[in-house]
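A short worksheet on the structure shown next.
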Amino acid sequence: MPSTRLRLGAFGVGRMGQVHLETLARLHQDDVIELAALGDRHPPTLSAALALLDELGSADALRHVERFADADAMAAWGRLDAVVVASRTDDHVRDARAFVRRNVPVFLEKPMASSIQEAAVFCRELDDRGDRLVQLGFQRHYDDAGRAAAAWVRDGRIGPLQQTQHVIQDKNSTPEGYQSAGITADMAIHLVFEAMSFRNFELPATVQALRFLAPHYEDRASEGANVVHVFCTWADGSMAHLGGSRINATGYDNRFSLIGTEGRIDVGDFAGDFGSVSAKLWQGVGPGPGPRGQLIESLVFPMTPPASRHPDFYPRFASAYAGEVREFIARVERGEPFEPGADIGWKTLFVANLAETSSRLGGTRFELAQADGTPITTADQAAAFESVHTT
Ligand SMILES: NC(=O)c1ccc[n+]([C@@H]2O[C@H](COP(=O)([O-])OP(=O)(O)OC[C@H]3O[C@@H](n4cnc5c(N)ncnc54)[C@H](O)[C@@H]3O)[C@@H](O)[C@H]2O)c1
């Protein structure tokens with residue numbers, strides 16, 4: 001009897017691709033999907049991914065999986081229902097395009113593209129199917145602690161937002177051979193996503209950033225910086241401060257605080273290697289009737305113990321990485337739109353890349369609006385803004 005399981009492929013199976021491959025291998029072993037194809041344009045990386053399947057005990061997948069050296073050939077093979085693409089950022093659009101042209105939905109790692117110009121062309125090709133053909137790999141959308149915070153905000157527990165602070169600090173420099181569009185475009189884009197997620201993905205009104213290269217650091221991806229600070233404001237007057245660095249050797253550090261008129265939320269006290277992830281809701285803003293600064297709810301979420309093969313970012317987000325891929329597959333199966341879709345892809349890229357440019361220009365403040373003062377609402381308008389204001 002022919003299999004009714006969805007046939008999944010993975011193209012781009014380096015560090016991040018192998019984290020997703022673990023999820024796909026598990027789903028294959030559990031008979032939820034068929035892992036049908038693996039691809040990578042860099043032969044040693046493809047070999048390493050095949051060795052991982054062996055290490056994971058996925059003998060059946062290893063025996064049957066088709067192997068490809070380019071995305072076009074894998075898409076032209078024509079036997080996939082969906083694919084996970086985690087190639088280099090510079091290759092995201094061309095690899096994703098190979099599949100979406102054949103109506104194969106793509107889970108695409110962040111950022112959507114290298115530039116907003118490239119993202120705009122891709123969005124035009126996707127037309128009104130941006131959330132039917134593409135899910136972006138912003139794992140924070142599937143993080144339990146982040147979801148608890150989102151529910152508190154949605155339920156009005158801290159009132160309207162006034163300011164938010166978001167931190168990401170890597171333990172180490174990027175690995176050898178890693179391709180980055182810059183520390184903000186590559187890493188702080190996670191914080192752009194986070195800050196915008198608490199504002200219904202409305203674009204900020206202003207964006208500016210500063211960057212620094214602190215000492216005792218090997219800048220392997222030639223980013224020219226290892227610390228970045230981004231400041232965004234929104235039309236409602238609220239602001240966000242995003243702080244990213246790659247020099248926090250004591251442990252991967254992910255935290256955010258949301259401060260509103262009625263309370264405050266803190267997620268992710270620094271926990272070293274590896275504590276748990278906290279989420280705290282505070283209320284009581286004084287004066288009276290109740291006391292100021294009461295801890296109303298306090299939740300704790302475990303990190304995932306890593307194996308030696310896992311990258312630095314694995315323990316904090318392992319369950320979110322698995323969750324986003326599982327949800328992608330479930331939505332393919334049910335024919336439902338993806339979250340986050342292409343719209344969030346171009347918006348986060350636009351803001352992160354503007355912040356990257358601002359930091360390289362020493363802190364230029366960009367006011368995000370079209371020439372006639374109306375809001376930017378499409379990727380084409382964002383691309384037009386970028387070409388006028390940054391070149
Ligand atoms: N969501 C997250 O938390 C997260 C974390 C890390 C990376 N990412 C994203 O995932 C994507 C892949 O990142 P990664 O960390 O897996 O990078 P990686 O360098 O390990 O692998 C990416 C690709 O680069 C290729 N590659 C590696 N060395 C090469 C070489 N010498 N020549 C040619 N190709 C080579 C690999 O084959 C692979 O396809 C990036 O777009 C990145 O932004 C996301």
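Note on naming: chains are A, B, ... as they come in the structure tokens, residues start from 1 per chain, ligands start from 1 in the order shown.
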
Residues within 7 Å of ligand 1, counting only C-alpha atoms and all ligand atoms: report them as a PyMOL selection string. chain A and resi 12-17+40-42+45-46+86-89+92+109-111+137-139+177-179+186+313

Excluding Ala383 in chain A and residues on its chain fewer than 2 positions from it, collect all residues at most 7 Å away from it, counting only C-alpha atoms, and give them as a PyMOL selection string. chain A and resi 116-117+120+379-381+385-387

Would you kindly return, as number ranges by chain, each protein, DNA or RNA residue with an atom no farther than 9 Å from any atom of Ala235 in chain A, considering only C-alpha atoms and excluding same-chain residues fewer than 6 positions away? A: 203-206

Output the selection as a tab-separated table (two decimals), in the first residue's frame - C-alpha atoms for each residue.
chain	number	residue	atom	x	y	z
A	203	LEU	CA	6.95	48.30	11.75
A	204	PRO	CA	8.76	50.70	14.09
A	205	ALA	CA	8.55	54.43	13.36
A	206	THR	CA	12.30	54.89	13.90

Coordinates-based distance that separates CA of His28 in chain A from CA of Glu333 in chain A (Å, one decimal): 15.1 Å

May I ask for the distance between CA of Arg79 in chain A and CA of Glu66 in chain A, given in Å to one decimal place?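 Here the two named atoms are 10.2 Å from each other.
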
Of the residues A:Ala214, A:Ala113, A:Val167, A:Ala96, which is the one nearest to Leu242 in chain A, using only C-alpha atoms? A:Val167

How would you write, as a PyMOL selection string, the set of residues in range 16-234 of chain A that DSSP gives as strand (DSSP E or B)? chain A and resi 33-39+66-68+82-85+106-109+134-137+161-169+206-212+227-233

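Proximity to Ala185 in chain A at 6 Å, evaluated using only C-alpha atoms and with sequence-adjacent residues fewer than 2 positions away removed, yields Ala181, Gly182, Ile183, Ile189, Ala352, Asn353 and Glu356 of chain A.
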
Hey, can you spit out that residue selection with N, CA and C atoms as a short mmCIF file (atom, residue, chain, number, x, y, z; two decimals), in the first residue's frame?
data_model
loop_
_atom_site.label_atom_id
_atom_site.label_comp_id
_atom_site.auth_asym_id
_atom_site.auth_seq_id
_atom_site.Cartn_x
_atom_site.Cartn_y
_atom_site.Cartn_z
N ALA A 181 25.56 38.31 7.34
CA ALA A 181 25.35 39.62 6.73
C ALA A 181 25.64 40.74 7.74
N GLY A 182 26.22 40.38 8.89
CA GLY A 182 26.51 41.37 9.93
C GLY A 182 25.83 40.96 11.22
N ILE A 183 26.39 41.39 12.36
CA ILE A 183 25.89 40.90 13.65
C ILE A 183 24.41 41.25 13.86
N ILE A 189 18.50 40.10 14.62
CA ILE A 189 17.18 39.97 13.96
C ILE A 189 16.23 39.16 14.84
N ALA A 352 16.05 44.83 10.70
CA ALA A 352 17.38 44.38 11.12
C ALA A 352 18.47 44.92 10.19
N ASN A 353 18.20 44.91 8.90
CA ASN A 353 19.22 45.40 7.97
C ASN A 353 19.38 46.92 8.05
N GLU A 356 21.51 47.38 10.96
CA GLU A 356 22.90 47.04 10.59
C GLU A 356 23.54 48.26 9.90
#

Which residues come within 10 Å of Pro315 in chain A, counting only C-alpha atoms, excluding same-chain residues fewer than 6 positions away, as JSON, numbers by chain? {"A": [252, 273, 274, 275, 276, 302, 303, 304, 305, 306, 307]}

Would you output that residue set with C-alpha atoms, as a short mmCIF file (atom, residue, chain, number, x, y, z; two decimals), in the first residue's frame?
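Resulting contents of result-v3.cif:
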data_model
loop_
_atom_site.label_atom_id
_atom_site.label_comp_id
_atom_site.auth_asym_id
_atom_site.auth_seq_id
_atom_site.Cartn_x
_atom_site.Cartn_y
_atom_site.Cartn_z
CA TYR A 252 24.20 31.67 26.08
CA ASP A 273 25.29 26.49 31.35
CA PHE A 274 22.43 25.44 31.80
CA GLY A 275 19.78 26.56 34.23
CA SER A 276 16.10 26.80 33.56
CA PRO A 302 13.56 23.49 31.53
CA MET A 303 16.37 23.80 29.02
CA THR A 304 17.25 20.71 26.99
CA PRO A 305 20.52 18.97 27.92
CA PRO A 306 22.72 18.99 24.82
CA ALA A 307 24.88 16.26 23.31
#

Counting only C-alpha atoms, the residue among A:Asp143, A:Val84, A:Thr261, A:Val106 that lies closest to Gly286 in chain A is A:Thr261

Under the rule that only C-alpha atoms are counted, which of A:Phe270, A:Phe107, A:Phe198, A:Trp346 is the nearest residue to Ala149 in chain A?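 Nearest candidate to Ala149 in chain A out of A:Phe270, A:Phe107, A:Phe198, A:Trp346: A:Phe198.
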
One number please: CA of Leu368 in chain A to CA of Phe231 in chain A, in Å, one decimal.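 Atom-to-atom, CA of Leu368 in chain A to CA of Phe231 in chain A, that is 13.2 Å.
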
A:Ile158, A:Ile33, A:Ala49, A:Val230: which is nearest Arg309 in chain A, counting only C-alpha atoms?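 So, comparing all the options, the nearest one is A:Ala49.
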
Might you pull out every residue within 9 Å of Ala150 in chain A, with only C-alpha atoms counted and same-chain residues fewer than 4 positions away left off, and present them as a list in words? Ala145, Gly146, Arg154, Asp155, Ser197 and Phe198 of chain A

I need the residues from that last selection saved to file as an mmCIF file, in the first residue's frame (with all heavy atoms), if you can.
data_model
loop_
_atom_site.group_PDB
_atom_site.id
_atom_site.type_symbol
_atom_site.label_atom_id
_atom_site.label_comp_id
_atom_site.auth_asym_id
_atom_site.auth_seq_id
_atom_site.Cartn_x
_atom_site.Cartn_y
_atom_site.Cartn_z
ATOM 1 N N ALA A 145 8.292 29.931 27.142
ATOM 2 C CA ALA A 145 8.403 31.104 28.027
ATOM 3 C C ALA A 145 7.912 32.360 27.297
ATOM 4 O O ALA A 145 7.191 33.190 27.868
ATOM 5 C CB ALA A 145 9.842 31.275 28.485
ATOM 6 N N GLY A 146 8.294 32.489 26.037
ATOM 7 C CA GLY A 146 7.851 33.633 25.236
ATOM 8 C C GLY A 146 6.338 33.631 25.055
ATOM 9 O O GLY A 146 5.686 34.680 25.064
ATOM 10 N N ARG A 154 -1.302 39.957 26.008
ATOM 11 C CA ARG A 154 -2.595 39.905 25.313
ATOM 12 C C ARG A 154 -3.749 40.084 26.292
ATOM 13 O O ARG A 154 -4.743 40.757 25.995
ATOM 14 C CB ARG A 154 -2.726 38.551 24.608
ATOM 15 C CG ARG A 154 -3.321 38.628 23.238
ATOM 16 C CD ARG A 154 -3.355 37.318 22.481
ATOM 17 N NE ARG A 154 -3.235 36.095 23.256
ATOM 18 C CZ ARG A 154 -2.168 35.309 23.224
ATOM 19 N NH1 ARG A 154 -1.111 35.615 22.487
ATOM 20 N NH2 ARG A 154 -2.138 34.192 23.937
ATOM 21 N N ASP A 155 -3.611 39.523 27.484
ATOM 22 C CA ASP A 155 -4.680 39.610 28.488
ATOM 23 C C ASP A 155 -4.657 40.932 29.246
ATOM 24 O O ASP A 155 -5.389 41.094 30.238
ATOM 25 C CB ASP A 155 -4.562 38.448 29.491
ATOM 26 C CG ASP A 155 -4.817 37.104 28.809
ATOM 27 O OD1 ASP A 155 -5.324 37.105 27.672
ATOM 28 O OD2 ASP A 155 -4.488 36.060 29.407
ATOM 29 N N SER A 197 7.036 41.242 17.833
ATOM 30 C CA SER A 197 5.965 40.277 18.117
ATOM 31 C C SER A 197 5.030 40.800 19.211
ATOM 32 O O SER A 197 3.857 40.425 19.248
ATOM 33 C CB SER A 197 6.552 38.926 18.517
ATOM 34 O OG SER A 197 7.077 38.966 19.829
ATOM 35 N N PHE A 198 5.545 41.643 20.114
ATOM 36 C CA PHE A 198 4.686 42.194 21.168
ATOM 37 C C PHE A 198 3.965 43.460 20.705
ATOM 38 O O PHE A 198 3.297 44.125 21.492
ATOM 39 C CB PHE A 198 5.509 42.472 22.434
ATOM 40 C CG PHE A 198 6.022 41.198 23.059
ATOM 41 C CD1 PHE A 198 7.371 40.883 23.023
ATOM 42 C CD2 PHE A 198 5.141 40.288 23.629
ATOM 43 C CE1 PHE A 198 7.838 39.696 23.572
ATOM 44 C CE2 PHE A 198 5.597 39.092 24.178
ATOM 45 C CZ PHE A 198 6.945 38.797 24.147
#

Hey, which of A:Leu27, A:His241, A:Tyr142, A:Val83 ends up closest to Val207 in chain A? Count only C-alpha atoms.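 For Val207 in chain A, the nearest of the given residues is A:His241.
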
Would you pick out the contacts of Ala59 in chain A at 12 Å or less, using only C-alpha atoms, so that residues sharing its chain but fewer than 3 positions from it are not included, and give the list as an MDAnalysis selection string? chainID A and resid 25:26 28:29 35 50:56 62:65

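Those residues in range 272-331 of chain A carrying a DSSP assignment of helix (DSSP H, G or I), computed from the backbone, are Tyr314, Pro315, Arg316, Phe317, Ala318, Ser319, Ala320, Tyr321, Ala322, Gly323, Glu324, Val325, Arg326, Glu327, Phe328, Ile329, Ala330 and Arg331 of chain A.
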